[in-house]
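Heads up, start-v3.csv below (CSV, C-alpha atoms):
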chain,number,residue,atom,x,y,z
A,1426,MET,CA,13.1,-20.5,23.7
A,1427,LEU,CA,15.2,-21.1,20.6
A,1428,THR,CA,14.2,-19.6,17.3
A,1429,LEU,CA,15.8,-20.2,13.9
A,1430,CYS,CA,15.4,-17.3,11.5
A,1431,ILE,CA,16.1,-17.5,7.7
A,1432,ASP,CA,16.1,-14.9,5.0
A,1433,THR,CA,16.7,-16.2,1.4
A,1434,ALA,CA,14.3,-13.8,-0.3
A,1435,TYR,CA,16.8,-11.5,-2.0
A,1436,LYS,CA,20.6,-10.9,-2.3
A,1437,TYR,CA,21.6,-12.3,1.1
A,1438,LEU,CA,21.4,-15.6,2.7
A,1439,SER,CA,21.0,-15.0,6.4
A,1440,CYS,CA,20.5,-17.6,9.1
A,1441,VAL,CA,20.2,-16.6,12.7
A,1442,LEU,CA,19.7,-18.4,16.0
A,1443,ILE,CA,17.9,-16.4,18.7
A,1444,GLU,CA,17.7,-17.7,22.2
A,1445,ASP,CA,15.0,-15.7,24.1
A,1446,ASP,CA,16.0,-12.1,23.3
A,1447,ARG,CA,19.6,-12.5,22.2
A,1448,ILE,CA,21.4,-13.6,19.1
A,1449,ILE,CA,23.6,-16.6,19.8
A,1450,SER,CA,24.9,-17.2,16.3
A,1451,SER,CA,24.4,-15.8,12.8
A,1452,TYR,CA,25.5,-16.2,9.2
A,1453,SER,CA,24.9,-13.6,6.5
A,1454,HIS,CA,26.5,-13.7,3.1
A,1455,GLU,CA,25.7,-12.2,-0.2
A,1456,CYS,CA,25.0,-15.0,-2.6
A,1457,PHE,CA,22.2,-13.9,-4.9
A,1458,LYS,CA,20.7,-16.8,-6.8
A,1459,LYS,CA,23.0,-19.3,-5.0
A,1460,GLN,CA,21.1,-19.6,-1.7
A,1461,SER,CA,19.9,-23.1,-2.5
A,1462,GLU,CA,23.6,-24.2,-2.8
A,1463,GLU,CA,24.7,-22.6,0.4
A,1464,VAL,CA,21.7,-22.7,2.8
A,1465,PHE,CA,22.5,-26.0,4.5
A,1466,VAL,CA,26.1,-25.1,4.9
A,1467,ALA,CA,24.9,-21.9,6.6
A,1468,LEU,CA,22.4,-23.7,8.8
A,1469,ASN,CA,25.2,-26.1,9.9
A,1470,GLU,CA,27.5,-23.2,10.7
A,1471,VAL,CA,25.0,-21.4,13.0
A,1472,PHE,CA,24.1,-24.6,14.9
A,1473,ASP,CA,27.8,-25.5,15.2
A,1474,GLN,CA,28.7,-21.9,16.4
A,1475,ALA,CA,26.0,-22.0,19.0
A,1476,LYS,CA,26.7,-25.6,20.0
A,1477,VAL,CA,23.0,-26.4,20.1
A,1478,ASP,CA,21.1,-29.5,18.9
A,1479,ARG,CA,19.2,-29.0,15.7
A,1480,LYS,CA,16.2,-30.6,17.2
A,1481,SER,CA,16.0,-28.1,20.1
A,1482,ILE,CA,14.3,-25.4,17.9
A,1483,ASP,CA,11.1,-24.1,19.4
A,1484,SER,CA,10.2,-21.9,16.5
A,1485,ILE,CA,11.3,-20.7,13.1
A,1486,CYS,CA,10.8,-17.3,11.4
A,1487,ILE,CA,11.3,-16.7,7.7
A,1488,SER,CA,11.0,-13.7,5.4
A,1489,GLU,CA,8.0,-14.3,3.2
A,1490,GLY,CA,8.8,-11.9,0.3
A,1491,PRO,CA,8.6,-10.0,-1.8
A,1492,GLY,CA,11.8,-11.0,-3.5
A,1493,SER,CA,13.2,-13.7,-5.7
A,1494,TYR,CA,10.6,-16.3,-6.5
A,1495,THR,CA,13.0,-19.2,-6.0
A,1496,GLY,CA,14.7,-17.5,-3.0
A,1497,ILE,CA,11.5,-17.1,-1.1
A,1498,ARG,CA,10.6,-20.7,-1.6
A,1499,ILE,CA,13.9,-22.0,-0.2
A,1500,ALA,CA,13.3,-20.6,3.3
A,1501,MET,CA,9.6,-21.4,3.1
A,1502,THR,CA,10.2,-25.0,2.2
A,1503,ILE,CA,12.7,-25.4,5.0
A,1504,ALA,CA,10.3,-23.9,7.5
A,1505,LYS,CA,7.5,-26.2,6.4
A,1506,VAL,CA,9.7,-29.3,6.7
A,1507,ILE,CA,11.2,-28.3,10.1
A,1508,GLY,CA,7.8,-27.1,11.4
A,1509,GLU,CA,6.2,-30.5,10.6
A,1510,MET,CA,9.1,-32.7,11.6
A,1511,LEU,CA,9.9,-31.3,15.1
A,1512,PRO,CA,7.1,-29.9,15.3
A,1513,CYS,CA,7.6,-26.2,16.1
A,1514,ASP,CA,5.8,-22.9,15.5
A,1515,VAL,CA,6.5,-21.1,12.2
A,1516,TYR,CA,6.4,-17.3,11.9
A,1517,THR,CA,6.7,-15.0,8.9
A,1518,ILE,CA,7.6,-11.4,8.3
A,1519,SER,CA,7.6,-9.3,5.1
A,1520,THR,CA,11.1,-9.0,3.6
A,1521,LEU,CA,10.7,-5.2,3.4
A,1522,ARG,CA,9.5,-5.0,7.0
A,1523,LEU,CA,12.5,-7.0,8.1
A,1524,TYR,CA,14.9,-4.8,6.3
A,1525,ALA,CA,13.3,-1.7,7.8
A,1526,ALA,CA,13.8,-3.2,11.3
A,1527,ASP,CA,13.0,-0.4,13.8
A,1528,ARG,CA,14.3,2.5,11.7
A,1529,ARG,CA,12.4,5.7,11.6
A,1530,ASN,CA,11.1,7.3,8.4
A,1531,CYS,CA,12.6,4.8,6.0
A,1532,LEU,CA,11.8,3.7,2.5
A,1533,VAL,CA,12.8,0.1,1.7
A,1534,VAL,CA,13.4,-0.7,-2.0
A,1535,MET,CA,14.3,-3.9,-3.8
A,1536,ASP,CA,14.8,-4.3,-7.5
A,1537,ALA,CA,11.8,-6.0,-9.1
A,1538,ARG,CA,13.2,-5.8,-12.6
A,1539,ALA,CA,11.6,-4.2,-15.7
A,1540,ASP,CA,12.2,-0.7,-14.2
A,1541,ARG,CA,10.1,-1.6,-11.1
A,1542,VAL,CA,10.8,-1.9,-7.4
A,1543,TYR,CA,9.3,-3.5,-4.5
A,1544,CYS,CA,9.0,-0.9,-1.8
A,1545,GLY,CA,7.4,0.0,1.5
A,1546,ILE,CA,7.6,3.0,3.9
A,1547,TYR,CA,8.0,2.4,7.6
A,1548,ASP,CA,8.4,4.6,10.7
A,1549,GLY,CA,9.4,2.5,13.6
A,1550,ASP,CA,6.6,-0.1,14.0
A,1551,LEU,CA,4.2,1.9,11.9
A,1552,VAL,CA,3.6,0.9,8.3
A,1553,VAL,CA,3.2,4.3,6.5
A,1554,LYS,CA,2.8,2.7,3.0
A,1555,GLU,CA,2.1,-1.0,2.4
A,1556,ASP,CA,4.5,-3.1,0.4
A,1557,ALA,CA,3.9,-2.7,-3.3
A,1558,ALA,CA,5.5,-3.2,-6.7
A,1559,VAL,CA,5.8,0.2,-8.5
A,1560,PRO,CA,7.6,1.7,-11.4
A,1561,ILE,CA,10.9,3.3,-10.3
A,1562,LYS,CA,10.0,6.6,-11.8
A,1563,GLU,CA,7.1,6.9,-9.3
A,1564,VAL,CA,9.3,6.6,-6.2
A,1565,ASP,CA,10.3,9.8,-4.5
A,1566,ALA,CA,13.0,9.1,-1.9
A,1567,ARG,CA,13.8,12.7,-1.0
A,1568,ASP,CA,12.3,12.6,2.5
A,1569,TYR,CA,13.4,9.2,3.6
A,1570,THR,CA,16.3,7.1,4.7
A,1571,VAL,CA,16.7,4.5,1.9
A,1572,ILE,CA,17.2,0.9,2.8
A,1573,GLY,CA,18.0,-1.8,0.2
A,1574,ASP,CA,18.8,-1.0,-3.4
A,1575,GLY,CA,19.3,2.7,-3.0
A,1576,GLU,CA,21.4,2.9,-6.2
A,1577,LEU,CA,18.1,2.6,-8.2
A,1578,LEU,CA,17.1,5.9,-6.7
A,1579,GLY,CA,20.4,7.7,-6.9
A,1580,LYS,CA,21.4,6.8,-3.3
A,1581,SER,CA,23.8,4.2,-1.8
A,1582,ASN,CA,22.9,0.6,-1.3
A,1583,PHE,CA,22.4,-0.3,2.4
A,1584,TYR,CA,20.9,-3.5,3.7
A,1585,GLY,CA,21.8,-3.3,7.4
A,1586,ASP,CA,22.4,-6.2,9.8
A,1587,ILE,CA,19.7,-8.8,9.0
A,1588,ALA,CA,20.4,-10.8,12.1
A,1589,GLU,CA,19.7,-7.8,14.3
A,1590,ALA,CA,16.7,-6.9,12.1
A,1591,PHE,CA,15.1,-10.3,13.0
A,1592,LEU,CA,15.6,-9.6,16.7
A,1593,LYS,CA,14.3,-6.1,16.5
A,1594,THR,CA,11.2,-7.1,14.6
A,1595,LYS,CA,10.4,-10.2,16.8
A,1596,HIS,CA,7.2,-8.5,18.2
A,1597,LEU,CA,6.0,-8.1,14.6
A,1598,TRP,CA,6.4,-11.7,13.4
A,1599,GLU,CA,3.1,-13.3,12.3
A,1600,LYS,CA,2.4,-16.9,13.4
A,1601,ALA,CA,1.3,-19.3,10.7
A,1602,GLU,CA,-1.8,-21.1,12.0
A,1603,ASN,CA,-1.4,-23.8,9.4
A,1604,ILE,CA,2.0,-24.2,7.9
A,1605,SER,CA,0.6,-26.2,5.0
A,1606,PHE,CA,-1.0,-23.0,3.7
A,1607,LEU,CA,2.1,-20.8,3.9
A,1608,THR,CA,2.6,-19.0,0.6
A,1609,PRO,CA,5.2,-16.5,-0.6
A,1610,LYS,CA,4.2,-12.8,-0.7
A,1611,TYR,CA,4.2,-11.8,-4.3
A,1612,LEU,CA,3.2,-8.2,-5.2
A,1613,LYS,CA,1.4,-7.0,-8.2
A,1614,GLU,CA,2.1,-3.6,-9.6
A,1615,SER,CA,0.2,-0.8,-7.9
A,1616,GLU,CA,-1.4,1.8,-10.2
A,1617,SER,CA,-0.6,4.8,-8.0
A,1618,TYR,CA,1.6,4.6,-5.0
A,1619,TYR,CA,3.8,7.6,-4.4
A,1620,ARG,CA,2.1,10.4,-6.2

The structure given in the file should be rewritten as structure tokens.
Amino acid sequence: MLTLCIDTAYKYLSCVLIEDDRIISSYSHECFKKQSEEVFVALNEVFDQAKVDRKSIDSICISEGPGSYTGIRIAMTIAKVIGEMLPCDVYTISTLRLYAADRRNCLVVMDARADRVYCGIYDGDLVVKEDAAVPIKEVDARDYTVIGDGELLGKSNFYGDIAEAFLKTKHLWEKAENISFLTPKYLKESESYYR
């Protein structure tokens, strides 16, 4: 089974081909707000590296957000088109869940602008705190490994290997029953999250 995975939701453009349970090619490059310009180059590169026919995809998995409004829609549009044309199954995963991968006791944060962050807390497969948009001042990262925009919390930025993250979260992907109804995951600000 051949799966194409795409993450365009935030700073990185990541395209990954997974055959059964192994990565056969991947592309990951920081290109914030330029994903639309580079996504087809990246897709061509992963298919050329793997030497597989583009029509041989059995499924596709995309990060559904939160993240950049335009960024999320790039991968979602590609998934809808490929899903209809081939056809193939389409899966989604939260961008924050993807970045957490299988890490224990981690807080994933992404800049949501206006002194806010998108964040979620994970412990392996367990969701400790659901993804939310909260003011930065409400986030207490003292007891967690921080993934993502750590500098917003006085830590280092760390995004991990997104290709490996797709593979490690494969059992958590959610199948879209009707790809016509796929919508990006946008988060509204939570009133009280980390207090």

Met1510 (chain A) environment, 12 Å, all atoms listed in the file, sequence neighbours closer than 2 positions dropped, as a PyMOL selection string: chain A and resi 1479-1484+1503-1508+1512-1515+1604

Just give me the gap between CA of Tyr1494 (chain A) and CA of Ala1434 (chain A) in Å, one decimal is fine.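 One can read the CA of Tyr1494 (chain A) to CA of Ala1434 (chain A) distance as 7.6 Å.
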
Could you tell me how far CA of Thr1433 (chain A) sits from CA of Gln1474 (chain A), in Å to one decimal place?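 Result for CA of Gln1474 (chain A) versus CA of Thr1433 (chain A): 20.0 Å, one decimal.
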
Distance table requested - region 1450-1552 of chain A against region 1570-1576 of chain A, cut-off 10 Å, only C-alpha atoms: one row per qualifying residue with the closest atom pair and its distance in Å to one decimal, ordered by chain and rising residue number, as JSON lines.
{"residue": "A:Leu1521", "atom": "CA", "partner": "A:Gly1573", "partner_atom": "CA", "distance": 8.7}
{"residue": "A:Tyr1524", "atom": "CA", "partner": "A:Ile1572", "partner_atom": "CA", "distance": 7.1}
{"residue": "A:Ala1525", "atom": "CA", "partner": "A:Ile1572", "partner_atom": "CA", "distance": 6.9}
{"residue": "A:Arg1528", "atom": "CA", "partner": "A:Thr1570", "partner_atom": "CA", "distance": 8.6}
{"residue": "A:Arg1529", "atom": "CA", "partner": "A:Thr1570", "partner_atom": "CA", "distance": 8.0}
{"residue": "A:Asn1530", "atom": "CA", "partner": "A:Thr1570", "partner_atom": "CA", "distance": 6.4}
{"residue": "A:Cys1531", "atom": "CA", "partner": "A:Thr1570", "partner_atom": "CA", "distance": 4.5}
{"residue": "A:Leu1532", "atom": "CA", "partner": "A:Val1571", "partner_atom": "CA", "distance": 5.0}
{"residue": "A:Val1533", "atom": "CA", "partner": "A:Ile1572", "partner_atom": "CA", "distance": 4.6}
{"residue": "A:Val1534", "atom": "CA", "partner": "A:Gly1573", "partner_atom": "CA", "distance": 5.2}
{"residue": "A:Met1535", "atom": "CA", "partner": "A:Asp1574", "partner_atom": "CA", "distance": 5.4}
{"residue": "A:Asp1536", "atom": "CA", "partner": "A:Asp1574", "partner_atom": "CA", "distance": 6.6}
{"residue": "A:Val1542", "atom": "CA", "partner": "A:Asp1574", "partner_atom": "CA", "distance": 9.0}
{"residue": "A:Tyr1543", "atom": "CA", "partner": "A:Asp1574", "partner_atom": "CA", "distance": 9.9}
{"residue": "A:Cys1544", "atom": "CA", "partner": "A:Gly1573", "partner_atom": "CA", "distance": 9.3}
{"residue": "A:Gly1545", "atom": "CA", "partner": "A:Ile1572", "partner_atom": "CA", "distance": 9.9}
{"residue": "A:Ile1546", "atom": "CA", "partner": "A:Val1571", "partner_atom": "CA", "distance": 9.4}
{"residue": "A:Tyr1547", "atom": "CA", "partner": "A:Thr1570", "partner_atom": "CA", "distance": 10.0}

Could I get the residues of region 1434-1513 of chain A with an atom no further than 9 Å from an atom of region 1588-1592 of chain A, each paired with its nearest atom pair and that distance in Å to one decimal, using all atoms listed in the file, sorted by chain and residue number, as CSV?
residue,atom,partner,partner_atom,distance
A:Ser1439,CA,A:Ala1588,CA,7.1
A:Cys1440,CA,A:Ala1588,CA,7.4
A:Val1441,CA,A:Ala1588,CA,5.8
A:Leu1442,CA,A:Ala1588,CA,8.6
A:Ile1443,CA,A:Leu1592,CA,7.5
A:Asp1446,CA,A:Leu1592,CA,7.1
A:Arg1447,CA,A:Leu1592,CA,7.4
A:Ile1448,CA,A:Leu1592,CA,7.4
A:Ser1450,CA,A:Ala1588,CA,8.9
A:Ser1451,CA,A:Ala1588,CA,6.4
A:Tyr1452,CA,A:Ala1588,CA,8.0
A:Ser1453,CA,A:Ala1588,CA,7.7
A:Cys1486,CA,A:Phe1591,CA,8.4

Same residues, C-alpha atoms, saved as a PDB file, keeping the file's coordinate frame:
ATOM      1  CA  SER A1439      21.000 -15.000   6.400  1.00  0.00           C
ATOM      2  CA  CYS A1440      20.500 -17.600   9.100  1.00  0.00           C
ATOM      3  CA  VAL A1441      20.200 -16.600  12.700  1.00  0.00           C
ATOM      4  CA  LEU A1442      19.700 -18.400  16.000  1.00  0.00           C
ATOM      5  CA  ILE A1443      17.900 -16.400  18.700  1.00  0.00           C
ATOM      6  CA  ASP A1446      16.000 -12.100  23.300  1.00  0.00           C
ATOM      7  CA  ARG A1447      19.600 -12.500  22.200  1.00  0.00           C
ATOM      8  CA  ILE A1448      21.400 -13.600  19.100  1.00  0.00           C
ATOM      9  CA  SER A1450      24.900 -17.200  16.300  1.00  0.00           C
ATOM     10  CA  SER A1451      24.400 -15.800  12.800  1.00  0.00           C
ATOM     11  CA  TYR A1452      25.500 -16.200   9.200  1.00  0.00           C
ATOM     12  CA  SER A1453      24.900 -13.600   6.500  1.00  0.00           C
ATOM     13  CA  CYS A1486      10.800 -17.300  11.400  1.00  0.00           C
TER      14      CYS A1486
END

Find the spatial neighbours of Leu1607 (chain A), counting all atoms listed in the file, within a cut-off of 9 Å - ignore same-chain residues fewer than 6 positions away - and output them as a list in words.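 Neighbouring residues, sequence-local ones excluded: Glu1489, Met1501, Lys1505, Thr1517 and Ala1601 of chain A.
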
Can you write just those residues out, C-alpha atoms, as a PDB file, in the coordinates of the input?
ATOM      1  CA  GLU A1489       8.000 -14.300   3.200  1.00  0.00           C
ATOM      2  CA  MET A1501       9.600 -21.400   3.100  1.00  0.00           C
ATOM      3  CA  LYS A1505       7.500 -26.200   6.400  1.00  0.00           C
ATOM      4  CA  THR A1517       6.700 -15.000   8.900  1.00  0.00           C
ATOM      5  CA  ALA A1601       1.300 -19.300  10.700  1.00  0.00           C
TER       6      ALA A1601
END
